[in-house]
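Source file: query38.cif. Holds: mmCIF, N, CA and C atoms.
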```cif
data_model
loop_
_atom_site.label_atom_id
_atom_site.label_comp_id
_atom_site.auth_asym_id
_atom_site.auth_seq_id
_atom_site.Cartn_x
_atom_site.Cartn_y
_atom_site.Cartn_z
N MET Q 199 -3.04 25.15 15.61
CA MET Q 199 -2.52 24.15 14.70
C MET Q 199 -3.55 23.05 14.43
N VAL Q 200 -4.26 22.65 15.46
CA VAL Q 200 -5.29 21.62 15.27
C VAL Q 200 -6.37 22.12 14.33
N ASP Q 201 -6.76 23.39 14.49
CA ASP Q 201 -7.78 23.96 13.61
C ASP Q 201 -7.35 23.91 12.15
N ALA Q 202 -6.07 24.13 11.90
CA ALA Q 202 -5.57 24.11 10.52
C ALA Q 202 -5.69 22.72 9.92
N THR Q 203 -5.35 21.69 10.69
CA THR Q 203 -5.44 20.32 10.15
C THR Q 203 -6.89 19.91 9.94
N LEU Q 204 -7.78 20.33 10.84
CA LEU Q 204 -9.20 20.03 10.67
C LEU Q 204 -9.75 20.72 9.42
N ALA Q 205 -9.36 21.97 9.20
CA ALA Q 205 -9.81 22.70 8.02
C ALA Q 205 -9.26 22.08 6.74
N THR Q 206 -8.02 21.63 6.77
CA THR Q 206 -7.42 20.99 5.59
C THR Q 206 -8.15 19.69 5.27
N ALA Q 207 -8.45 18.90 6.28
CA ALA Q 207 -9.18 17.65 6.05
C ALA Q 207 -10.57 17.93 5.51
N SER Q 208 -11.24 18.93 6.04
CA SER Q 208 -12.58 19.28 5.56
C SER Q 208 -12.53 19.72 4.10
N ALA Q 209 -11.55 20.56 3.76
CA ALA Q 209 -11.38 21.01 2.37
C ALA Q 209 -11.05 19.83 1.45
N ALA Q 210 -10.23 18.91 1.94
CA ALA Q 210 -9.90 17.72 1.14
C ALA Q 210 -11.15 16.90 0.88
N GLY Q 211 -11.98 16.73 1.89
CA GLY Q 211 -13.23 16.00 1.71
C GLY Q 211 -14.12 16.66 0.67
N GLU Q 212 -14.18 17.98 0.70
CA GLU Q 212 -14.99 18.71 -0.29
C GLU Q 212 -14.45 18.51 -1.70
N ARG Q 213 -13.14 18.54 -1.83
CA ARG Q 213 -12.53 18.34 -3.16
C ARG Q 213 -12.78 16.93 -3.68
N VAL Q 214 -12.66 15.95 -2.79
CA VAL Q 214 -12.92 14.57 -3.20
C VAL Q 214 -14.39 14.41 -3.59
N ALA Q 215 -15.29 14.94 -2.77
CA ALA Q 215 -16.72 14.81 -3.04
C ALA Q 215 -17.12 15.46 -4.37
N ALA Q 216 -16.43 16.52 -4.75
CA ALA Q 216 -16.76 17.23 -5.98
C ALA Q 216 -16.16 16.59 -7.23
N ALA Q 217 -15.25 15.66 -7.06
CA ALA Q 217 -14.55 15.06 -8.20
C ALA Q 217 -15.32 13.84 -8.73
N PRO Q 218 -15.59 13.80 -10.02
CA PRO Q 218 -16.34 12.66 -10.57
C PRO Q 218 -15.56 11.35 -10.56
N ASP Q 219 -14.24 11.42 -10.47
CA ASP Q 219 -13.42 10.20 -10.49
C ASP Q 219 -12.94 9.79 -9.10
N LEU Q 220 -13.48 10.42 -8.06
CA LEU Q 220 -13.17 10.06 -6.69
C LEU Q 220 -14.48 9.86 -5.94
N ASP Q 221 -14.48 8.91 -5.00
CA ASP Q 221 -15.68 8.60 -4.24
C ASP Q 221 -15.37 8.73 -2.76
N LEU Q 222 -15.95 9.75 -2.12
CA LEU Q 222 -15.76 9.99 -0.69
C LEU Q 222 -16.58 8.97 0.08
N ALA Q 223 -15.92 8.20 0.96
CA ALA Q 223 -16.61 7.14 1.71
C ALA Q 223 -17.51 7.72 2.79
N ALA Q 224 -17.09 8.81 3.42
CA ALA Q 224 -17.84 9.45 4.50
C ALA Q 224 -17.25 10.84 4.69
N GLU Q 225 -17.98 11.68 5.36
CA GLU Q 225 -17.44 13.00 5.69
C GLU Q 225 -16.15 12.80 6.49
N PRO Q 226 -15.16 13.67 6.29
CA PRO Q 226 -13.91 13.52 7.04
C PRO Q 226 -14.16 13.45 8.54
N SER Q 227 -13.41 12.58 9.19
CA SER Q 227 -13.49 12.42 10.64
C SER Q 227 -12.20 12.99 11.22
N LEU Q 228 -12.32 14.10 11.91
CA LEU Q 228 -11.16 14.83 12.40
C LEU Q 228 -10.21 15.13 11.25
N THR Q 229 -9.07 14.45 11.18
CA THR Q 229 -8.09 14.74 10.13
C THR Q 229 -8.00 13.62 9.09
N THR Q 230 -8.97 12.74 9.07
CA THR Q 230 -8.92 11.57 8.19
C THR Q 230 -9.93 11.69 7.06
N VAL Q 231 -9.46 11.42 5.83
CA VAL Q 231 -10.31 11.44 4.65
C VAL Q 231 -10.18 10.08 3.97
N VAL Q 232 -11.30 9.37 3.84
CA VAL Q 232 -11.32 8.02 3.25
C VAL Q 232 -12.09 8.09 1.93
N PHE Q 233 -11.48 7.57 0.88
CA PHE Q 233 -12.09 7.67 -0.45
C PHE Q 233 -11.53 6.60 -1.38
N ARG Q 234 -12.12 6.52 -2.58
CA ARG Q 234 -11.66 5.61 -3.62
C ARG Q 234 -11.48 6.37 -4.92
N TYR Q 235 -10.47 5.98 -5.68
CA TYR Q 235 -10.33 6.43 -7.06
C TYR Q 235 -11.23 5.54 -7.90
N LEU Q 236 -11.95 6.13 -8.84
CA LEU Q 236 -12.84 5.38 -9.72
C LEU Q 236 -12.31 5.42 -11.14
N PRO Q 237 -11.74 4.31 -11.61
CA PRO Q 237 -11.24 4.31 -12.99
C PRO Q 237 -12.37 4.55 -13.98
N GLY Q 238 -12.03 5.21 -15.07
CA GLY Q 238 -13.04 5.54 -16.08
C GLY Q 238 -13.53 4.34 -16.86
N ASP Q 239 -12.67 3.39 -17.08
CA ASP Q 239 -13.02 2.21 -17.88
C ASP Q 239 -13.15 0.98 -17.00
N ASP Q 240 -13.97 0.06 -17.44
CA ASP Q 240 -14.08 -1.22 -16.74
C ASP Q 240 -12.92 -2.12 -17.14
N HIS Q 241 -12.62 -3.07 -16.29
CA HIS Q 241 -11.60 -4.08 -16.58
C HIS Q 241 -12.23 -5.13 -17.49
N PRO Q 242 -11.48 -5.65 -18.45
CA PRO Q 242 -12.08 -6.62 -19.37
C PRO Q 242 -12.47 -7.95 -18.71
N ASP Q 243 -11.85 -8.29 -17.56
CA ASP Q 243 -12.10 -9.60 -16.94
C ASP Q 243 -12.63 -9.55 -15.52
N LEU Q 244 -12.55 -8.40 -14.86
CA LEU Q 244 -12.92 -8.31 -13.45
C LEU Q 244 -14.24 -7.59 -13.25
N PRO Q 245 -14.99 -7.98 -12.23
CA PRO Q 245 -16.17 -7.18 -11.86
C PRO Q 245 -15.72 -5.77 -11.46
N ARG Q 246 -16.57 -4.79 -11.64
CA ARG Q 246 -16.23 -3.39 -11.39
C ARG Q 246 -15.65 -3.16 -9.99
N ASP Q 247 -16.31 -3.66 -8.94
CA ASP Q 247 -15.82 -3.42 -7.58
C ASP Q 247 -14.43 -3.99 -7.36
N LEU Q 248 -14.16 -5.18 -7.88
CA LEU Q 248 -12.84 -5.78 -7.72
C LEU Q 248 -11.79 -4.98 -8.49
N TRP Q 249 -12.13 -4.51 -9.67
CA TRP Q 249 -11.22 -3.69 -10.48
C TRP Q 249 -10.89 -2.39 -9.73
N VAL Q 250 -11.89 -1.75 -9.16
CA VAL Q 250 -11.65 -0.52 -8.40
C VAL Q 250 -10.77 -0.81 -7.19
N ASP Q 251 -11.03 -1.91 -6.48
CA ASP Q 251 -10.18 -2.30 -5.34
C ASP Q 251 -8.72 -2.44 -5.78
N ARG Q 252 -8.51 -3.20 -6.81
CA ARG Q 252 -7.14 -3.49 -7.26
C ARG Q 252 -6.46 -2.23 -7.80
N CYS Q 253 -7.22 -1.38 -8.45
CA CYS Q 253 -6.66 -0.13 -8.95
C CYS Q 253 -6.20 0.75 -7.78
N ASN Q 254 -7.00 0.85 -6.74
CA ASN Q 254 -6.63 1.66 -5.58
C ASN Q 254 -5.42 1.08 -4.86
N ARG Q 255 -5.33 -0.23 -4.78
CA ARG Q 255 -4.14 -0.85 -4.19
C ARG Q 255 -2.90 -0.51 -5.01
N ALA Q 256 -3.03 -0.56 -6.33
CA ALA Q 256 -1.89 -0.26 -7.21
C ALA Q 256 -1.47 1.21 -7.08
N ILE Q 257 -2.43 2.11 -6.98
CA ILE Q 257 -2.11 3.53 -6.80
C ILE Q 257 -1.27 3.72 -5.55
N ARG Q 258 -1.75 3.18 -4.46
CA ARG Q 258 -1.06 3.32 -3.17
C ARG Q 258 0.36 2.76 -3.23
N GLU Q 259 0.46 1.58 -3.80
CA GLU Q 259 1.77 0.92 -3.89
C GLU Q 259 2.74 1.74 -4.74
N ARG Q 260 2.29 2.26 -5.85
CA ARG Q 260 3.17 3.01 -6.74
C ARG Q 260 3.59 4.35 -6.14
N LEU Q 261 2.68 5.03 -5.44
CA LEU Q 261 3.05 6.26 -4.76
C LEU Q 261 4.11 5.99 -3.70
N LEU Q 262 3.95 4.92 -2.97
CA LEU Q 262 4.90 4.54 -1.93
C LEU Q 262 6.23 4.11 -2.52
N ASP Q 263 6.18 3.23 -3.53
CA ASP Q 263 7.42 2.73 -4.14
C ASP Q 263 8.26 3.85 -4.74
N ASP Q 264 7.61 4.85 -5.31
CA ASP Q 264 8.33 5.95 -5.95
C ASP Q 264 8.67 7.08 -4.98
N GLY Q 265 8.31 6.92 -3.71
CA GLY Q 265 8.64 7.91 -2.70
C GLY Q 265 7.87 9.21 -2.84
N GLU Q 266 6.73 9.16 -3.51
CA GLU Q 266 5.95 10.38 -3.72
C GLU Q 266 5.07 10.73 -2.53
N ALA Q 267 4.45 9.72 -1.94
CA ALA Q 267 3.55 9.97 -0.81
C ALA Q 267 3.29 8.66 -0.10
N VAL Q 268 2.98 8.77 1.18
CA VAL Q 268 2.55 7.62 1.96
C VAL Q 268 1.05 7.81 2.18
N VAL Q 269 0.28 6.99 1.52
CA VAL Q 269 -1.17 7.02 1.63
C VAL Q 269 -1.59 5.67 2.20
N ALA Q 270 -2.37 5.70 3.26
CA ALA Q 270 -2.80 4.45 3.88
C ALA Q 270 -3.89 3.79 3.04
N ARG Q 271 -4.07 2.51 3.29
CA ARG Q 271 -5.14 1.74 2.67
C ARG Q 271 -6.01 1.20 3.78
N THR Q 272 -7.30 1.20 3.57
CA THR Q 272 -8.21 0.65 4.55
C THR Q 272 -9.34 -0.08 3.83
N GLU Q 273 -10.00 -0.95 4.54
CA GLU Q 273 -11.14 -1.67 4.00
C GLU Q 273 -12.40 -1.13 4.65
N LEU Q 274 -13.40 -0.85 3.84
CA LEU Q 274 -14.69 -0.37 4.33
C LEU Q 274 -15.77 -1.13 3.57
N ASP Q 275 -16.61 -1.82 4.30
CA ASP Q 275 -17.65 -2.65 3.68
C ASP Q 275 -17.06 -3.63 2.67
N GLY Q 276 -15.87 -4.16 2.99
CA GLY Q 276 -15.23 -5.14 2.12
C GLY Q 276 -14.57 -4.57 0.88
N ARG Q 277 -14.51 -3.25 0.75
CA ARG Q 277 -13.92 -2.61 -0.42
C ARG Q 277 -12.66 -1.85 -0.01
N THR Q 278 -11.69 -1.79 -0.89
CA THR Q 278 -10.44 -1.09 -0.65
C THR Q 278 -10.61 0.41 -0.85
N HIS Q 279 -10.14 1.17 0.12
CA HIS Q 279 -10.18 2.62 0.06
C HIS Q 279 -8.80 3.18 0.37
N LEU Q 280 -8.56 4.39 -0.08
CA LEU Q 280 -7.36 5.13 0.28
C LEU Q 280 -7.70 6.01 1.47
N LYS Q 281 -6.71 6.26 2.32
CA LYS Q 281 -6.96 7.06 3.51
C LYS Q 281 -5.85 8.09 3.70
N LEU Q 282 -6.26 9.34 3.76
CA LEU Q 282 -5.34 10.42 4.09
C LEU Q 282 -5.55 10.78 5.55
N THR Q 283 -4.48 10.87 6.31
CA THR Q 283 -4.54 11.37 7.67
C THR Q 283 -3.66 12.61 7.69
N LEU Q 284 -4.29 13.75 7.73
CA LEU Q 284 -3.60 15.03 7.55
C LEU Q 284 -3.27 15.65 8.90
N LEU Q 285 -2.08 15.36 9.40
CA LEU Q 285 -1.67 15.80 10.73
C LEU Q 285 -0.69 16.97 10.73
N ASP Q 286 -0.05 17.22 9.62
CA ASP Q 286 0.94 18.29 9.55
C ASP Q 286 0.24 19.62 9.28
N PRO Q 287 0.31 20.57 10.19
CA PRO Q 287 -0.38 21.84 9.98
C PRO Q 287 0.18 22.65 8.81
N ARG Q 288 1.35 22.27 8.30
CA ARG Q 288 1.90 22.96 7.13
C ARG Q 288 1.29 22.46 5.83
N THR Q 289 0.58 21.33 5.88
CA THR Q 289 -0.09 20.82 4.69
C THR Q 289 -1.29 21.72 4.40
N ASP Q 290 -1.37 22.19 3.17
CA ASP Q 290 -2.47 23.09 2.82
C ASP Q 290 -3.28 22.54 1.65
N ALA Q 291 -4.27 23.29 1.22
CA ALA Q 291 -5.16 22.85 0.15
C ALA Q 291 -4.39 22.57 -1.14
N ALA Q 292 -3.38 23.36 -1.42
CA ALA Q 292 -2.59 23.12 -2.64
C ALA Q 292 -1.85 21.79 -2.57
N ASP Q 293 -1.33 21.45 -1.40
CA ASP Q 293 -0.66 20.16 -1.22
C ASP Q 293 -1.64 19.01 -1.45
N VAL Q 294 -2.82 19.14 -0.87
CA VAL Q 294 -3.84 18.10 -1.02
C VAL Q 294 -4.25 17.97 -2.49
N GLU Q 295 -4.46 19.09 -3.15
CA GLU Q 295 -4.85 19.04 -4.56
C GLU Q 295 -3.76 18.38 -5.40
N ALA Q 296 -2.51 18.68 -5.11
CA ALA Q 296 -1.40 18.06 -5.85
C ALA Q 296 -1.39 16.54 -5.61
N LEU Q 297 -1.65 16.12 -4.39
CA LEU Q 297 -1.69 14.69 -4.11
C LEU Q 297 -2.87 14.03 -4.81
N LEU Q 298 -4.02 14.66 -4.79
CA LEU Q 298 -5.19 14.09 -5.49
C LEU Q 298 -4.92 14.00 -6.99
N ASP Q 299 -4.23 15.00 -7.54
CA ASP Q 299 -3.85 14.94 -8.96
C ASP Q 299 -2.94 13.75 -9.23
N ARG Q 300 -1.96 13.50 -8.33
CA ARG Q 300 -1.06 12.35 -8.51
C ARG Q 300 -1.82 11.04 -8.39
N ILE Q 301 -2.78 10.98 -7.48
CA ILE Q 301 -3.60 9.78 -7.35
C ILE Q 301 -4.36 9.53 -8.65
N ARG Q 302 -4.92 10.58 -9.22
CA ARG Q 302 -5.63 10.43 -10.50
C ARG Q 302 -4.68 9.97 -11.61
N GLU Q 303 -3.51 10.60 -11.68
CA GLU Q 303 -2.53 10.23 -12.70
C GLU Q 303 -2.11 8.77 -12.55
N ARG Q 304 -1.83 8.37 -11.32
CA ARG Q 304 -1.44 6.98 -11.07
C ARG Q 304 -2.58 6.03 -11.40
N GLY Q 305 -3.79 6.42 -11.05
CA GLY Q 305 -4.95 5.58 -11.35
C GLY Q 305 -5.16 5.41 -12.85
N ALA Q 306 -5.03 6.50 -13.59
CA ALA Q 306 -5.21 6.45 -15.04
C ALA Q 306 -4.12 5.60 -15.70
N ALA Q 307 -2.96 5.49 -15.05
CA ALA Q 307 -1.84 4.75 -15.61
C ALA Q 307 -1.86 3.26 -15.26
N VAL Q 308 -2.78 2.83 -14.40
CA VAL Q 308 -2.84 1.41 -14.05
C VAL Q 308 -3.26 0.63 -15.30
N ASP Q 309 -2.44 -0.32 -15.67
CA ASP Q 309 -2.68 -1.15 -16.86
C ASP Q 309 -3.55 -2.34 -16.46
N PRO Q 310 -4.74 -2.47 -17.07
CA PRO Q 310 -5.58 -3.62 -16.74
C PRO Q 310 -4.87 -4.96 -16.94
N GLY Q 311 -3.91 -5.01 -17.85
CA GLY Q 311 -3.16 -6.24 -18.08
C GLY Q 311 -2.28 -6.62 -16.91
N ASP Q 312 -1.93 -5.62 -16.07
CA ASP Q 312 -1.11 -5.89 -14.88
C ASP Q 312 -1.96 -6.31 -13.69
N VAL Q 313 -3.26 -6.13 -13.79
CA VAL Q 313 -4.19 -6.43 -12.71
C VAL Q 313 -5.18 -7.45 -13.25
N THR Q 314 -4.87 -8.72 -13.06
CA THR Q 314 -5.69 -9.77 -13.65
C THR Q 314 -6.54 -10.47 -12.60
N ALA Q 315 -7.49 -11.24 -13.07
CA ALA Q 315 -8.43 -11.94 -12.19
C ALA Q 315 -7.72 -12.88 -11.23
N GLY Q 316 -6.62 -13.48 -11.65
CA GLY Q 316 -5.93 -14.45 -10.79
C GLY Q 316 -4.86 -13.84 -9.93
N ALA Q 317 -4.52 -12.57 -10.16
CA ALA Q 317 -3.43 -11.94 -9.42
C ALA Q 317 -3.91 -11.45 -8.08
N ASP Q 318 -3.05 -11.58 -7.09
CA ASP Q 318 -3.34 -11.01 -5.78
C ASP Q 318 -2.66 -9.66 -5.72
N ALA Q 319 -3.45 -8.61 -5.83
CA ALA Q 319 -2.91 -7.26 -5.82
C ALA Q 319 -2.74 -6.73 -4.41
N GLY Q 320 -2.90 -7.61 -3.41
CA GLY Q 320 -2.76 -7.19 -2.02
C GLY Q 320 -1.36 -6.70 -1.73
N ASP Q 321 -1.24 -5.95 -0.66
CA ASP Q 321 0.01 -5.31 -0.30
C ASP Q 321 0.05 -5.25 1.21
N ASP Q 322 1.03 -5.90 1.84
CA ASP Q 322 1.09 -5.97 3.29
C ASP Q 322 1.78 -4.77 3.92
N ARG Q 323 2.39 -3.91 3.11
CA ARG Q 323 3.20 -2.84 3.66
C ARG Q 323 2.35 -1.72 4.25
N SER Q 324 2.68 -1.32 5.44
CA SER Q 324 2.17 -0.10 6.07
C SER Q 324 0.66 0.04 6.00
N GLU Q 325 -0.07 -1.01 6.35
CA GLU Q 325 -1.52 -0.94 6.30
C GLU Q 325 -2.07 0.21 7.11
N GLY Q 326 -1.51 0.47 8.27
CA GLY Q 326 -2.05 1.52 9.11
C GLY Q 326 -1.29 2.83 9.00
N THR Q 327 -0.43 2.95 8.02
CA THR Q 327 0.39 4.14 7.90
C THR Q 327 -0.47 5.35 7.61
N GLU Q 328 -0.15 6.43 8.26
CA GLU Q 328 -0.89 7.66 8.06
C GLU Q 328 -0.59 8.22 6.69
N GLY Q 329 -1.59 8.85 6.07
CA GLY Q 329 -1.41 9.51 4.79
C GLY Q 329 -0.63 10.79 4.99
N VAL Q 330 0.58 10.84 4.48
CA VAL Q 330 1.45 11.98 4.68
C VAL Q 330 1.93 12.45 3.32
N ILE Q 331 1.88 13.73 3.10
CA ILE Q 331 2.42 14.28 1.86
C ILE Q 331 3.91 14.45 2.04
N ASP Q 332 4.68 13.90 1.10
CA ASP Q 332 6.13 14.01 1.15
C ASP Q 332 6.56 15.35 0.58
N ARG Q 333 7.19 16.16 1.39
CA ARG Q 333 7.64 17.49 0.92
C ARG Q 333 9.08 17.43 0.51
#
```
Output the file's structure as structure tokens, nothing else.
Amino acid sequence: MVDATLATASAAGERVAAAPDLDLAAEPSLTTVVFRYLPGDDHPDLPRDLWVDRCNRAIRERLLDDGEAVVARTELDGRTHLKLTLLDPRTDAADVEALLDRIRERGAAVDPGDVTAGADAGDDRSEGTEGVIDR
């Protein structure tokens, strides 16, 4: 069972690394994959890094609010990243791909008008929560 979760995390890392709209922070560590969604367009008022941070926070919040998935958030070098912790041996590559697709869809749907320079897009909920795919 442990081998299955390690293989799933490794495959997830490969999929993230191959995607032009996702940025893998580091090679997966055991069952953890840390990455960022990269929006295609810049924000009209925010620096690129801040826009990417706020977009990733919004993705996580919307997935959680809609009951689609619990994806953790972490900070690395002062930047917001999403974190998947793949512990369920029943989670497979298709599940991960479906979640990455939802992350992309949610990211593309973030309205720059909802994420402004003065807004605090922070979210205190479940900072350390493991990334779990909701079946």
Hits from the PyMOL selection byres (((chain Q and resi 233 and name CA) around 7) and name CA), listed as a VMD selection string = chain Q and resid 220 to 223 231 to 232 234 to 235 279 to 281
Would you translate the PyMOL selection byres ((chain Q and resi 207) around 7) into the concrete set of residues it matches in this file, as a ChimeraX atom specification?
-> /Q:202-206,208-212,226,228-231,284
Around all the atoms of region 271-282 of chain Q listed in the file, draw an axis-aligned box and extend it by 4 Å on each of the six sides; I want its centre and edge lengths in Å to one decimal, as JSON.
```
{"center_x": -10.9, "center_y": 2.8, "center_z": 2.3, "size_x": 21.6, "size_y": 23.9, "size_z": 14.4}
```
Out of region 200-229 of chain Q, which residues get alpha helix (DSSP H) from DSSP, as a PyMOL selection string?
-> chain Q and resi 200-216
Would you write out those residues with N, CA and C atoms, as a short mmCIF file (atom, residue, chain, number, x, y, z; two decimals), in the coordinates of the input?
```cif
data_model
loop_
_atom_site.label_atom_id
_atom_site.label_comp_id
_atom_site.auth_asym_id
_atom_site.auth_seq_id
_atom_site.Cartn_x
_atom_site.Cartn_y
_atom_site.Cartn_z
N VAL Q 200 -4.26 22.65 15.46
CA VAL Q 200 -5.29 21.62 15.27
C VAL Q 200 -6.37 22.12 14.33
N ASP Q 201 -6.76 23.39 14.49
CA ASP Q 201 -7.78 23.96 13.61
C ASP Q 201 -7.35 23.91 12.15
N ALA Q 202 -6.07 24.13 11.90
CA ALA Q 202 -5.57 24.11 10.52
C ALA Q 202 -5.69 22.72 9.92
N THR Q 203 -5.35 21.69 10.69
CA THR Q 203 -5.44 20.32 10.15
C THR Q 203 -6.89 19.91 9.94
N LEU Q 204 -7.78 20.33 10.84
CA LEU Q 204 -9.20 20.03 10.67
C LEU Q 204 -9.75 20.72 9.42
N ALA Q 205 -9.36 21.97 9.20
CA ALA Q 205 -9.81 22.70 8.02
C ALA Q 205 -9.26 22.08 6.74
N THR Q 206 -8.02 21.63 6.77
CA THR Q 206 -7.42 20.99 5.59
C THR Q 206 -8.15 19.69 5.27
N ALA Q 207 -8.45 18.90 6.28
CA ALA Q 207 -9.18 17.65 6.05
C ALA Q 207 -10.57 17.93 5.51
N SER Q 208 -11.24 18.93 6.04
CA SER Q 208 -12.58 19.28 5.56
C SER Q 208 -12.53 19.72 4.10
N ALA Q 209 -11.55 20.56 3.76
CA ALA Q 209 -11.38 21.01 2.37
C ALA Q 209 -11.05 19.83 1.45
N ALA Q 210 -10.23 18.91 1.94
CA ALA Q 210 -9.90 17.72 1.14
C ALA Q 210 -11.15 16.90 0.88
N GLY Q 211 -11.98 16.73 1.89
CA GLY Q 211 -13.23 16.00 1.71
C GLY Q 211 -14.12 16.66 0.67
N GLU Q 212 -14.18 17.98 0.70
CA GLU Q 212 -14.99 18.71 -0.29
C GLU Q 212 -14.45 18.51 -1.70
N ARG Q 213 -13.14 18.54 -1.83
CA ARG Q 213 -12.53 18.34 -3.16
C ARG Q 213 -12.78 16.93 -3.68
N VAL Q 214 -12.66 15.95 -2.79
CA VAL Q 214 -12.92 14.57 -3.20
C VAL Q 214 -14.39 14.41 -3.59
N ALA Q 215 -15.29 14.94 -2.77
CA ALA Q 215 -16.72 14.81 -3.04
C ALA Q 215 -17.12 15.46 -4.37
N ALA Q 216 -16.43 16.52 -4.75
CA ALA Q 216 -16.76 17.23 -5.98
C ALA Q 216 -16.16 16.59 -7.23
#
```
Which is closer to Thr278 (chain Q) than all the others in Q:Arg252, Q:Arg246, Q:Arg213, Q:Arg304, using all atoms listed in the file?
->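 Of all the options, Q:Arg252 lies closest to Thr278 (chain Q).
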Which residue, Q:Met199, Q:Ile257, Q:Ala224, Q:Ala216, has the smallest gap to Val308 (chain Q) when you use only N, CA and C atoms?
->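 Residue with the minimum atom-to-atom distance to Val308 (chain Q): Q:Ile257.
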Restricting the calculation to only C-alpha atoms, which member of Q:Glu259, Q:Asp312, Q:Asp275, Q:Asp286 is positioned closest to Asp247 (chain Q)?
->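 Smallest separation from Asp247 (chain Q) among the options: Q:Asp275.
Here CA of Asp263 (chain Q) and CA of Asp219 (chain Q) stand 23.0 Å from one another.
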Atomic distance CA of Ser227 (chain Q) - CA of Asp290 (chain Q), expressed in Å with one decimal =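 CA of Ser227 (chain Q) sits 17.2 Å away from CA of Asp290 (chain Q).
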Any chance you could work out the residue set of the PyMOL selection byres (((chain Q and resi 301 and name CA) around 9) and name CA) here, as a list in words?
->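 Selection result, ordered by chain and number: Tyr235, Asn254, Ile257, Arg258, Leu261, Ala296, Leu297, Leu298, Asp299, Arg300, Arg302, Glu303, Arg304, Gly305 and Ala306 of chain Q.
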Which one of Q:Ala270, Q:Leu236, Q:Ala292, Q:Ala217 sits closest to Asp251 (chain Q) if you count only C-alpha atoms?
->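 The answer is Q:Leu236, which sits nearest to Asp251 (chain Q).
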If you measure from CA of Leu262 (chain Q) to CA of Val200 (chain Q), what distance in Å do you get, rounded to one decimal?
->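 About the pair CA of Leu262 (chain Q) and CA of Val200 (chain Q): they are 26.3 Å apart.
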As an MDAnalysis selection string, list the residues of chain Q assigned to strand (DSSP E or B) by DSSP on the backbone atoms of this structure.
-> chainID Q and resid 220:222 227 230:235 267:268 270:274 277:283 330:331
